[in-house]
$ cat input_7.pdb   # PDB, C-alpha atoms, pLDDT in the B column
ATOM      1  CA  MET J   1      68.882  94.638  84.013  1.00 86.00           C
ATOM      2  CA  PRO J   2      71.050  93.163  86.772  1.00 92.00           C
ATOM      3  CA  HIS J   3      70.470  95.010  90.037  1.00 95.00           C
ATOM      4  CA  ILE J   4      70.961  94.897  93.792  1.00 97.00           C
ATOM      5  CA  ARG J   5      67.968  94.371  96.031  1.00 97.00           C
ATOM      6  CA  LEU J   6      67.075  93.264  99.526  1.00 97.00           C
ATOM      7  CA  ALA J   7      67.043  89.477  99.762  1.00 98.00           C
ATOM      8  CA  THR J   8      63.876  87.533 100.539  1.00 97.00           C
ATOM      9  CA  PRO J   9      63.327  84.008 101.891  1.00 98.00           C
ATOM     10  CA  ASP J  10      62.428  83.020  98.314  1.00 97.00           C
ATOM     11  CA  ASP J  11      66.143  83.378  97.480  1.00 98.00           C
ATOM     12  CA  GLY J  12      66.963  80.385  99.670  1.00 98.00           C
ATOM     13  CA  ALA J  13      67.518  77.905  96.825  1.00 98.00           C
ATOM     14  CA  ALA J  14      69.720  80.289  94.829  1.00 98.00           C
ATOM     15  CA  PHE J  15      71.729  81.200  97.930  1.00 98.00           C
ATOM     16  CA  ALA J  16      72.220  77.536  98.801  1.00 98.00           C
ATOM     17  CA  GLU J  17      73.605  76.918  95.304  1.00 98.00           C
ATOM     18  CA  ILE J  18      75.933  79.924  95.537  1.00 98.00           C
ATOM     19  CA  TYR J  19      77.208  78.961  98.985  1.00 98.00           C
ATOM     20  CA  ARG J  20      77.626  75.204  98.443  1.00 98.00           C
ATOM     21  CA  PRO J  21      81.119  75.365  96.799  1.00 96.00           C
ATOM     22  CA  ALA J  22      82.454  77.324  99.795  1.00 96.00           C
ATOM     23  CA  VAL J  23      81.386  74.453 102.070  1.00 97.00           C
ATOM     24  CA  VAL J  24      81.962  71.288 100.030  1.00 97.00           C
ATOM     25  CA  GLY J  25      85.623  70.514  99.421  1.00 90.00           C
ATOM     26  CA  SER J  26      86.781  73.954 100.555  1.00 95.00           C
ATOM     27  CA  PRO J  27      87.960  75.513 103.825  1.00 96.00           C
ATOM     28  CA  ILE J  28      86.494  78.913 102.873  1.00 96.00           C
ATOM     29  CA  SER J  29      83.525  78.213 105.146  1.00 97.00           C
ATOM     30  CA  PHE J  30      83.937  76.251 108.360  1.00 97.00           C
ATOM     31  CA  GLU J  31      80.522  74.654 107.910  1.00 97.00           C
ATOM     32  CA  ILE J  32      80.805  70.934 107.168  1.00 97.00           C
ATOM     33  CA  GLU J  33      77.400  70.251 105.594  1.00 96.00           C
ATOM     34  CA  PRO J  34      76.035  72.722 103.046  1.00 97.00           C
ATOM     35  CA  PRO J  35      72.739  74.263 104.134  1.00 98.00           C
ATOM     36  CA  ASP J  36      69.755  73.514 101.933  1.00 98.00           C
ATOM     37  CA  ALA J  37      67.250  75.994 100.503  1.00 98.00           C
ATOM     38  CA  ALA J  38      65.012  75.868 103.582  1.00 98.00           C
ATOM     39  CA  GLU J  39      67.905  76.604 105.924  1.00 98.00           C
ATOM     40  CA  MET J  40      69.145  79.491 103.785  1.00 98.00           C
ATOM     41  CA  SER J  41      65.599  80.901 103.723  1.00 98.00           C
ATOM     42  CA  ARG J  42      65.508  80.652 107.521  1.00 98.00           C
ATOM     43  CA  ARG J  43      68.850  82.490 107.765  1.00 98.00           C
ATOM     44  CA  VAL J  44      67.637  85.295 105.508  1.00 98.00           C
ATOM     45  CA  THR J  45      64.477  85.734 107.575  1.00 98.00           C
ATOM     46  CA  ALA J  46      66.439  85.795 110.841  1.00 97.00           C
ATOM     47  CA  ALA J  47      69.026  88.268 109.526  1.00 97.00           C
ATOM     48  CA  LEU J  48      66.452  90.679 108.079  1.00 97.00           C
ATOM     49  CA  ALA J  49      64.925  91.199 111.516  1.00 96.00           C
ATOM     50  CA  ARG J  50      67.902  93.477 112.150  1.00 96.00           C
ATOM     51  CA  PHE J  51      70.555  93.460 109.425  1.00 98.00           C
ATOM     52  CA  PRO J  52      70.711  94.007 105.661  1.00 98.00           C
ATOM     53  CA  TRP J  53      71.042  90.945 103.439  1.00 98.00           C
ATOM     54  CA  LEU J  54      71.437  91.931  99.796  1.00 98.00           C
ATOM     55  CA  ALA J  55      71.085  89.949  96.576  1.00 98.00           C
ATOM     56  CA  PHE J  56      72.618  90.551  93.165  1.00 97.00           C
ATOM     57  CA  ASP J  57      69.659  89.832  90.883  1.00 97.00           C
ATOM     58  CA  ASP J  58      70.441  88.874  87.291  1.00 94.00           C
ATOM     59  CA  GLY J  59      67.406  88.012  85.215  1.00 91.00           C
ATOM     60  CA  GLY J  60      65.220  87.378  88.249  1.00 93.00           C
ATOM     61  CA  VAL J  61      67.685  84.965  89.883  1.00 93.00           C
ATOM     62  CA  ALA J  62      70.063  85.775  92.726  1.00 96.00           C
ATOM     63  CA  ARG J  63      73.659  85.228  91.520  1.00 97.00           C
ATOM     64  CA  GLY J  64      75.418  86.687  94.562  1.00 98.00           C
ATOM     65  CA  TYR J  65      74.729  87.950  98.027  1.00 98.00           C
ATOM     66  CA  ALA J  66      76.254  89.945 100.873  1.00 98.00           C
ATOM     67  CA  TYR J  67      74.994  90.235 104.400  1.00 98.00           C
ATOM     68  CA  ALA J  68      75.821  91.537 107.855  1.00 98.00           C
ATOM     69  CA  GLY J  69      75.366  89.893 111.214  1.00 97.00           C
ATOM     70  CA  THR J  70      76.187  90.213 114.875  1.00 96.00           C
ATOM     71  CA  HIS J  71      79.887  90.594 115.658  1.00 96.00           C
ATOM     72  CA  ARG J  72      79.596  89.639 119.334  1.00 94.00           C
ATOM     73  CA  ALA J  73      76.522  89.267 121.533  1.00 92.00           C
ATOM     74  CA  ARG J  74      77.338  91.620 124.415  1.00 96.00           C
ATOM     75  CA  PRO J  75      75.659  95.053 124.226  1.00 94.00           C
ATOM     76  CA  ALA J  76      78.804  97.180 123.905  1.00 93.00           C
ATOM     77  CA  TYR J  77      79.535  95.427 120.582  1.00 95.00           C
ATOM     78  CA  GLN J  78      76.191  96.365 119.016  1.00 95.00           C
ATOM     79  CA  TRP J  79      77.749  99.037 116.737  1.00 94.00           C
ATOM     80  CA  SER J  80      79.954  96.433 115.032  1.00 96.00           C
ATOM     81  CA  ALA J  81      78.872  93.954 112.367  1.00 97.00           C
ATOM     82  CA  GLU J  82      80.473  90.964 110.668  1.00 98.00           C
ATOM     83  CA  VAL J  83      80.077  90.844 106.908  1.00 98.00           C
ATOM     84  CA  SER J  84      80.327  88.203 104.202  1.00 98.00           C
ATOM     85  CA  ALA J  85      79.820  88.059 100.450  1.00 98.00           C
ATOM     86  CA  TYR J  86      79.475  85.117  98.067  1.00 97.00           C
ATOM     87  CA  VAL J  87      79.105  85.167  94.300  1.00 97.00           C
ATOM     88  CA  HIS J  88      78.080  82.348  91.964  1.00 96.00           C
ATOM     89  CA  GLU J  89      81.069  81.121  89.967  1.00 91.00           C
ATOM     90  CA  ASP J  90      79.343  82.147  86.715  1.00 90.00           C
ATOM     91  CA  ALA J  91      79.030  85.758  87.921  1.00 88.00           C
ATOM     92  CA  ARG J  92      82.567  86.277  89.215  1.00 88.00           C
ATOM     93  CA  ARG J  93      85.016  88.874  87.873  1.00 86.00           C
ATOM     94  CA  ARG J  94      82.193  91.305  87.098  1.00 88.00           C
ATOM     95  CA  GLY J  95      82.523  93.458  90.218  1.00 93.00           C
ATOM     96  CA  VAL J  96      79.516  91.816  91.873  1.00 96.00           C
ATOM     97  CA  ALA J  97      81.085  91.351  95.328  1.00 97.00           C
ATOM     98  CA  ARG J  98      82.472  94.901  95.256  1.00 97.00           C
ATOM     99  CA  ALA J  99      79.047  96.260  94.265  1.00 97.00           C
ATOM    100  CA  LEU J 100      77.207  94.267  96.941  1.00 98.00           C
ATOM    101  CA  TYR J 101      79.654  95.365  99.615  1.00 98.00           C
ATOM    102  CA  THR J 102      79.421  99.010  98.484  1.00 98.00           C
ATOM    103  CA  SER J 103      75.662  98.954  99.041  1.00 98.00           C
ATOM    104  CA  LEU J 104      75.950  96.926 102.243  1.00 98.00           C
ATOM    105  CA  PHE J 105      78.448  99.331 103.828  1.00 98.00           C
ATOM    106  CA  ALA J 106      76.310 102.331 102.857  1.00 97.00           C
ATOM    107  CA  LEU J 107      73.289 100.716 104.504  1.00 97.00           C
ATOM    108  CA  LEU J 108      75.210  99.753 107.634  1.00 97.00           C
ATOM    109  CA  GLY J 109      76.540 103.301 108.008  1.00 94.00           C
ATOM    110  CA  ALA J 110      73.056 104.748 107.552  1.00 94.00           C
ATOM    111  CA  LEU J 111      71.688 102.357 110.180  1.00 95.00           C
ATOM    112  CA  GLY J 112      74.262 103.561 112.695  1.00 93.00           C
ATOM    113  CA  TYR J 113      76.937 100.865 112.609  1.00 94.00           C
ATOM    114  CA  ALA J 114      80.487 102.049 113.265  1.00 94.00           C
ATOM    115  CA  ASN J 115      82.667  99.106 112.181  1.00 95.00           C
ATOM    116  CA  ALA J 116      82.590  96.095 109.869  1.00 98.00           C
ATOM    117  CA  TYR J 117      84.666  92.947 110.448  1.00 98.00           C
ATOM    118  CA  ALA J 118      85.471  90.108 108.075  1.00 98.00           C
ATOM    119  CA  GLY J 119      87.086  86.760 108.796  1.00 98.00           C
ATOM    120  CA  ILE J 120      88.955  85.061 105.940  1.00 98.00           C
ATOM    121  CA  THR J 121      90.312  81.513 105.938  1.00 98.00           C
ATOM    122  CA  LEU J 122      93.943  81.747 104.877  1.00 98.00           C
ATOM    123  CA  PRO J 123      95.345  81.651 102.309  1.00 96.00           C
ATOM    124  CA  ASN J 124      92.747  83.370 100.145  1.00 96.00           C
ATOM    125  CA  PRO J 125      94.453  86.145  98.161  1.00 96.00           C
ATOM    126  CA  ALA J 126      91.324  86.970  96.139  1.00 95.00           C
ATOM    127  CA  SER J 127      89.228  87.634  99.239  1.00 97.00           C
ATOM    128  CA  VAL J 128      92.036  89.493 100.995  1.00 98.00           C
ATOM    129  CA  GLY J 129      92.521  91.662  97.893  1.00 97.00           C
ATOM    130  CA  LEU J 130      88.811  92.459  97.652  1.00 97.00           C
ATOM    131  CA  HIS J 131      88.486  93.414 101.297  1.00 98.00           C
ATOM    132  CA  GLU J 132      91.640  95.523 101.352  1.00 98.00           C
ATOM    133  CA  ALA J 133      90.595  97.303  98.136  1.00 97.00           C
ATOM    134  CA  LEU J 134      87.365  98.241  99.935  1.00 97.00           C
ATOM    135  CA  GLY J 135      89.128  99.782 102.914  1.00 97.00           C
ATOM    136  CA  PHE J 136      89.600  96.846 105.272  1.00 98.00           C
ATOM    137  CA  ARG J 137      92.843  96.620 107.237  1.00 98.00           C
ATOM    138  CA  PRO J 138      94.228  93.451 108.850  1.00 98.00           C
ATOM    139  CA  VAL J 139      93.995  93.248 112.623  1.00 98.00           C
ATOM    140  CA  GLY J 140      95.242  89.753 113.393  1.00 98.00           C
ATOM    141  CA  VAL J 141      95.249  86.040 112.715  1.00 98.00           C
ATOM    142  CA  PHE J 142      93.697  83.219 114.704  1.00 98.00           C
ATOM    143  CA  HIS J 143      96.210  80.437 114.107  1.00 98.00           C
ATOM    144  CA  ARG J 144      95.007  76.850 113.593  1.00 98.00           C
ATOM    145  CA  VAL J 145      91.540  77.871 114.741  1.00 98.00           C
ATOM    146  CA  GLY J 146      89.519  75.534 112.502  1.00 97.00           C
ATOM    147  CA  TYR J 147      89.960  71.898 111.503  1.00 98.00           C
ATOM    148  CA  LYS J 148      88.436  70.878 108.177  1.00 97.00           C
ATOM    149  CA  LEU J 149      89.341  68.571 105.294  1.00 96.00           C
ATOM    150  CA  GLY J 150      91.983  66.800 107.357  1.00 96.00           C
ATOM    151  CA  ARG J 151      94.028  69.821 108.419  1.00 97.00           C
ATOM    152  CA  TRP J 152      94.114  72.943 110.569  1.00 98.00           C
ATOM    153  CA  HIS J 153      93.369  76.370 109.090  1.00 98.00           C
ATOM    154  CA  ASP J 154      94.210  79.934 110.111  1.00 98.00           C
ATOM    155  CA  VAL J 155      91.642  82.717 109.935  1.00 98.00           C
ATOM    156  CA  GLY J 156      92.697  86.320 109.379  1.00 98.00           C
ATOM    157  CA  TRP J 157      90.541  89.186 110.600  1.00 98.00           C
ATOM    158  CA  TRP J 158      90.066  92.525 108.880  1.00 98.00           C
ATOM    159  CA  GLU J 159      88.262  95.668 110.020  1.00 98.00           C
ATOM    160  CA  ARG J 160      86.749  98.642 108.224  1.00 97.00           C
ATOM    161  CA  PRO J 161      85.279 101.808 109.729  1.00 95.00           C
ATOM    162  CA  LEU J 162      81.803 102.636 108.461  1.00 94.00           C
ATOM    163  CA  GLY J 163      81.666 106.294 109.407  1.00 79.00           C
ATOM    164  CA  ASP J 164      82.658 108.929 111.902  1.00 74.00           C
ATOM    165  CA  LEU J 165      82.602 107.797 115.506  1.00 78.00           C
ATOM    166  CA  SER J 166      81.056 110.139 118.024  1.00 74.00           C
ATOM    167  CA  ALA J 167      81.275 110.064 121.800  1.00 66.00           C
ATOM    168  CA  ARG J 168      77.576 109.238 122.051  1.00 69.00           C
ATOM    169  CA  MET J 169      76.100 106.634 119.745  1.00 79.00           C
ATOM    170  CA  ASP J 170      72.426 105.766 119.469  1.00 88.00           C
ATOM    171  CA  PRO J 171      71.781 102.032 119.010  1.00 93.00           C
ATOM    172  CA  PRO J 172      71.775 100.968 115.354  1.00 94.00           C
ATOM    173  CA  LEU J 173      68.411 100.868 113.631  1.00 95.00           C
ATOM    174  CA  PRO J 174      66.981  97.650 112.157  1.00 96.00           C
ATOM    175  CA  ILE J 175      67.034  97.439 108.363  1.00 97.00           C
ATOM    176  CA  GLY J 176      63.234  97.701 108.284  1.00 95.00           C
ATOM    177  CA  ALA J 177      63.497 101.286 109.544  1.00 95.00           C
ATOM    178  CA  LEU J 178      65.445 102.288 106.440  1.00 94.00           C
ATOM    179  CA  ALA J 179      63.774 100.204 103.708  1.00 86.00           C
ATOM    180  CA  GLY J 180      61.916 102.328 101.183  1.00 88.00           C
ATOM    181  CA  THR J 181      63.590 105.607 102.138  1.00 95.00           C
ATOM    182  CA  ALA J 182      65.713 107.832  99.911  1.00 95.00           C
ATOM    183  CA  MET J 183      68.780 106.838 101.953  1.00 94.00           C
ATOM    184  CA  TYR J 184      68.017 103.156 101.307  1.00 96.00           C
ATOM    185  CA  ASP J 185      67.611 103.800  97.568  1.00 95.00           C
ATOM    186  CA  ALA J 186      70.881 105.772  97.480  1.00 96.00           C
ATOM    187  CA  ALA J 187      72.747 102.893  99.157  1.00 96.00           C
ATOM    188  CA  LEU J 188      71.506 100.373  96.582  1.00 96.00           C
ATOM    189  CA  ASP J 189      72.273 102.809  93.771  1.00 95.00           C
ATOM    190  CA  ALA J 190      75.857 103.196  95.025  1.00 96.00           C
ATOM    191  CA  GLY J 191      76.438  99.492  94.450  1.00 96.00           C
ATOM    192  CA  GLU J 192      74.686  99.531  91.109  1.00 95.00           C
ATOM    193  CA  ARG J 193      76.982 102.332  89.949  1.00 95.00           C
ATOM    194  CA  VAL J 194      79.902  99.985  90.678  1.00 94.00           C
ATOM    195  CA  LEU J 195      78.252  97.360  88.455  1.00 91.00           C
ATOM    196  CA  ARG J 196      77.902  99.873  85.634  1.00 89.00           C
ATOM    197  CA  SER J 197      81.469 101.183  85.845  1.00 86.00           C
TER     198      SER J 197
END
$ encode --input "input_7.pdb" --output "structure tokens"
Amino acid sequence: MPHIRLATPDDGAAFAEIYRPAVVGSPISFEIEPPDAAEMSRRVTAALARFPWLAFDDGGVARGYAYAGTHRARPAYQWSAEVSAYVHEDARRRGVARALYTSLFALLGALGYANAYAGITLPNPASVGLHEALGFRPVGVFHRVGYKLGRWHDVGWWERPLGDLSARMDPPLPIGALAGTAMYDAALDAGERVLRS
């Protein structure tokens, strides 16, 4: 059965394959050279020290992923996370990105994050539609901020609250503090319910 799980470094090759089309011949990602399996494994390991990185597992192979990372480095930003999702072209239009994000946002809220941010190279109506359907609202555009494939590209930014904000916030927990708990299981199940619907 297809399911959502925490990524591992062993997913590096599958993630590299999923991500490659967003880098090669596309402005979706501002990377120029696609990372290989070893680099994607390194990124997963680094992210999991603090943030969730989820995989959509179909038959034992990752066919999509979503992850969170640092929004800005200064301490007052620590309750905000940037998020991204990528799905293999063969697994698109099945609700995979929506399901991954549903679980990711549940985990981020449980860990104590207050806001999620997503940057989208414009135009990209499919990505904009997905994010807005999941509660993101546009906050601005960085005009001509990236140069790739012989031209300048704009990047739009969207934000989504992850829960109630209180006057006093404890620092967010690392993902390892939640793994294996009932709250962790409920977050993954929330995304899997999207897959089944």
$ atom_distance --input "input_7.pdb" --atom1 "CA of Ile120 in chain J" --atom2 "CA of Trp157 in chain J"
6.4 Å
$ resolve_selection --input "input_7.pdb" --expression "the PyMOL selection byres ((chain J and resi 153) around 9)" --output "count of residues only"
15
$ closest_atom_pairs --input "input_7.pdb" --of "range 99-132 of chain J" --to "range 41-59 of chain J" --cutoff "10 Å" --atoms "all atoms listed in the file" --output "JSON lines"
{"residue": "J:Ala99", "atom": "CA", "partner": "J:Phe56", "partner_atom": "CA", "distance": 8.7}
{"residue": "J:Leu100", "atom": "CA", "partner": "J:Leu54", "partner_atom": "CA", "distance": 6.8}
{"residue": "J:Tyr101", "atom": "CA", "partner": "J:Leu54", "partner_atom": "CA", "distance": 8.9}
{"residue": "J:Ser103", "atom": "CA", "partner": "J:Leu54", "partner_atom": "CA", "distance": 8.2}
{"residue": "J:Leu104", "atom": "CA", "partner": "J:Pro52", "partner_atom": "CA", "distance": 6.9}
{"residue": "J:Phe105", "atom": "CA", "partner": "J:Pro52", "partner_atom": "CA", "distance": 9.6}
{"residue": "J:Leu107", "atom": "CA", "partner": "J:Pro52", "partner_atom": "CA", "distance": 7.3}
{"residue": "J:Leu108", "atom": "CA", "partner": "J:Pro52", "partner_atom": "CA", "distance": 7.6}
{"residue": "J:Leu111", "atom": "CA", "partner": "J:Phe51", "partner_atom": "CA", "distance": 9.0}
$ closest_residue --input "input_7.pdb" --among "J:Glu31, J:Ser26, J:Tyr65, J:Thr102" --to "Leu195 in chain J" --atoms "only C-alpha atoms"
J:Thr102
$ resolve_selection --input "input_7.pdb" --expression "the PyMOL selection byres ((chain J and resi 180-188) around 6)" --output "tab-separated table (two decimals) with C-alpha atoms, in the frame of the given file"
chain	number	residue	atom	x	y	z
J	103	SER	CA	75.66	98.95	99.04
J	106	ALA	CA	76.31	102.33	102.86
J	107	LEU	CA	73.29	100.72	104.50
J	178	LEU	CA	65.44	102.29	106.44
J	179	ALA	CA	63.77	100.20	103.71
J	189	ASP	CA	72.27	102.81	93.77
J	190	ALA	CA	75.86	103.20	95.02
J	191	GLY	CA	76.44	99.49	94.45
$ closest_residue --input "input_7.pdb" --among "J:Tyr77, J:Tyr19, J:Phe30, J:Phe136" --to "Gly64 in chain J" --atoms "only C-alpha atoms"
J:Tyr19
$ residues_around --input "input_7.pdb" --residues "Met169 in chain J" --least-positions-apart "5" --cutoff "12 Å" --atoms "only C-alpha atoms" --output "PyMOL selection string"
chain J and resi 76-80+111-114+163-164
$ resolve_selection --input "input_7.pdb" --expression "the PyMOL selection byres ((chain J and resi 71) around 8)" --output "ChimeraX atom specification"
/J:69-70,72-73,77-78,80-82,117
